[in-house]
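Written out below as structure tokens is the structure these notes cover.
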Amino acid sequence: DTEVTQTPKHLVMGMTNKKSLKCEQHMGHRAMYWYKQKAKKPPELMFVYSYEKLSINESVPSRFSPECPNSSLLNLHLHALQPEDSALYLCASSQVIGVGNQPQHFGDGTRLSIL
Amino acid sequence: AQSVSQHNHHVILSEAASLELGCNYSYGGTVNLFWYVQYPGQHLQLLLKYFSGDPLVKGIKGFEAEFIKSKFSFNLRKPSVQWSDTAEYFCAVNAGDSSYKLIFGSGTRLLVRP
């Protein structure tokens with residue numbers, strides 16, 4: 001079992017809906033990440049949080065809005081998504097950002113389908 | 001820009017066969033290298049990692065990888081595969097000033113026939 005827990009496992013939503021993905025880890029990690037993985041493709045980084053602050057936004061559209069309420073939780077708020085946003089969304093964590101402090105531990109992901 | 005290439009997209013082996021999956025990266029500086037595995041319906045799991053030191057790295061489940069700096073390669077090997085090794089394997093690199101970022105290869109789907 002993974003030490004990074006993501007909910008829900010599956011989500012179907014319409015383009016006008018607002019929903020949130022949740023991620024939780026209790027390993028004391030201070031870096032948390034959101035990735036997007038399309039079918040048969042590798043994960044692509046979306047956001048990085050370090051010590052609860054957004055450090056990196058990989059030019060992600062504003063319809064994706066991350067939030068880190070505390071050191072254990074990471075949310076991804078979704079609004080007005082497009083069908084091409086259908087994908088597996090992965091959360092990961094690592095001790096801290098930086099060379100030598102990988103590896104990242106991944107959750108099972110949320111499989112998102114946009115109707 | 002940094003990139004990672006996995007040339008074998010699909011590999012089919014019989015049980016007990018030896019495995020070698022290729023991984024090449026493009027970056028001239030210091031790198032950290034990883035192999036992740038994704039079993040069907042499961043999360044990405046770390047198989048092994050290389051930060052420094054001995055270029056031959058041993059990981060879990062009998063896997064190993066060799067870092068060859070001159071070839072910019074980090075190939076994954078296993079002497080004798082099992083049916084349970086059926087999965088997708090991703091090579092990943094963490095390099096340079098983008099030290100927060102894991103760059104993944106496109107993955108190799110391995111099917112082991114019993």
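As shown in the structure tokens, the chain order sets the letters A, B, ...; within each chain, residues go from 1, and ligands are also counted from 1 in the order they appear.
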
Check your understanding: What are the residues of chain A that have an atom within 12 Å of an atom of chain B, counting only C-alpha atoms, as a PyMOL selection string?
Key -> chain A and resi 1-6+9+31-50+55-58+88-111

Practice item. Skip Leu76 in chain A itself and residues of its chain fewer than 4 positions away, then list as a PyMOL selection string all residues within 8 Å of it, counting only C-alpha atoms. Key: chain A and resi 20-22+64-67

Practice item. Please measure the separation of CA of Met27 in chain A and CA of Lys53 in chain A, giving the value in Å to one decimal. Key: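 Distance between the two atoms: 17.9 Å.
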
Practice item. Name all residues at most 10 Å from Arg77 in chain B (count only C-alpha atoms; drop same-chain ones fewer than 3 positions away) and give them as a PyMOL selection string. Key: chain B and resi 18-22+58+62-66+74+80-81

Write to file, as a short mmCIF file (atom, residue, chain, number, x, y, z; two decimals), in the first residue's frame, the residues of the selection just made, with N, CA, C and O atoms.
```cif
data_model
loop_
_atom_site.label_atom_id
_atom_site.label_comp_id
_atom_site.auth_asym_id
_atom_site.auth_seq_id
_atom_site.Cartn_x
_atom_site.Cartn_y
_atom_site.Cartn_z
N SER B 18 16.15 -13.21 -19.30
CA SER B 18 16.82 -12.04 -18.73
C SER B 18 16.24 -10.78 -19.34
O SER B 18 15.77 -10.77 -20.48
N LEU B 19 16.29 -9.72 -18.55
CA LEU B 19 15.68 -8.46 -18.95
C LEU B 19 16.72 -7.35 -18.96
O LEU B 19 17.54 -7.26 -18.04
N GLU B 20 16.68 -6.53 -19.99
CA GLU B 20 17.42 -5.27 -19.96
C GLU B 20 16.58 -4.22 -20.66
O GLU B 20 16.20 -4.39 -21.83
N LEU B 21 16.27 -3.16 -19.93
CA LEU B 21 15.51 -2.04 -20.47
C LEU B 21 16.44 -0.84 -20.57
O LEU B 21 17.09 -0.48 -19.60
N GLY B 22 16.41 -0.20 -21.73
CA GLY B 22 17.31 0.91 -21.97
C GLY B 22 16.75 2.24 -21.49
O GLY B 22 15.54 2.47 -21.53
N LYS B 58 21.67 -1.70 -6.86
CA LYS B 58 20.73 -2.80 -6.68
C LYS B 58 19.45 -2.27 -6.06
O LYS B 58 19.48 -1.44 -5.15
N GLY B 62 15.06 -7.92 -7.00
CA GLY B 62 16.10 -8.49 -7.85
C GLY B 62 16.52 -7.62 -9.02
O GLY B 62 17.31 -8.06 -9.87
N PHE B 63 16.04 -6.39 -9.08
CA PHE B 63 16.41 -5.49 -10.16
C PHE B 63 17.73 -4.79 -9.84
O PHE B 63 18.05 -4.55 -8.67
N GLU B 64 18.46 -4.45 -10.88
CA GLU B 64 19.65 -3.64 -10.75
C GLU B 64 19.76 -2.73 -11.97
O GLU B 64 19.11 -2.95 -13.00
N ALA B 65 20.56 -1.69 -11.83
CA ALA B 65 20.76 -0.77 -12.94
C ALA B 65 22.20 -0.29 -12.90
O ALA B 65 22.80 -0.19 -11.83
N GLU B 66 22.71 0.01 -14.08
CA GLU B 66 24.08 0.49 -14.17
C GLU B 66 24.11 1.86 -14.80
O GLU B 66 23.57 2.08 -15.89
N PHE B 74 21.31 4.56 -18.16
CA PHE B 74 20.98 3.99 -16.84
C PHE B 74 20.03 2.82 -17.11
O PHE B 74 18.83 2.89 -16.87
N SER B 80 16.48 -12.89 -14.28
CA SER B 80 15.45 -13.89 -14.53
C SER B 80 14.10 -13.31 -14.13
O SER B 80 13.82 -13.12 -12.95
N VAL B 81 13.28 -13.00 -15.13
CA VAL B 81 12.01 -12.34 -14.83
C VAL B 81 10.94 -13.36 -14.43
O VAL B 81 11.01 -14.54 -14.78
#
```

**Study point:** Residue nearest Ser84 in chain B - candidates B:Tyr25, B:Tyr39, B:Phe67, B:Phe72, atoms counted: only C-alpha atoms
**Key:** B:Tyr39

Point to revise | Lys61 in chain B surroundings by only C-alpha atoms, 9 Å radius, close-in-sequence under 6 positions cut, as a PyMOL selection string | key: chain B and resi 47+78+85
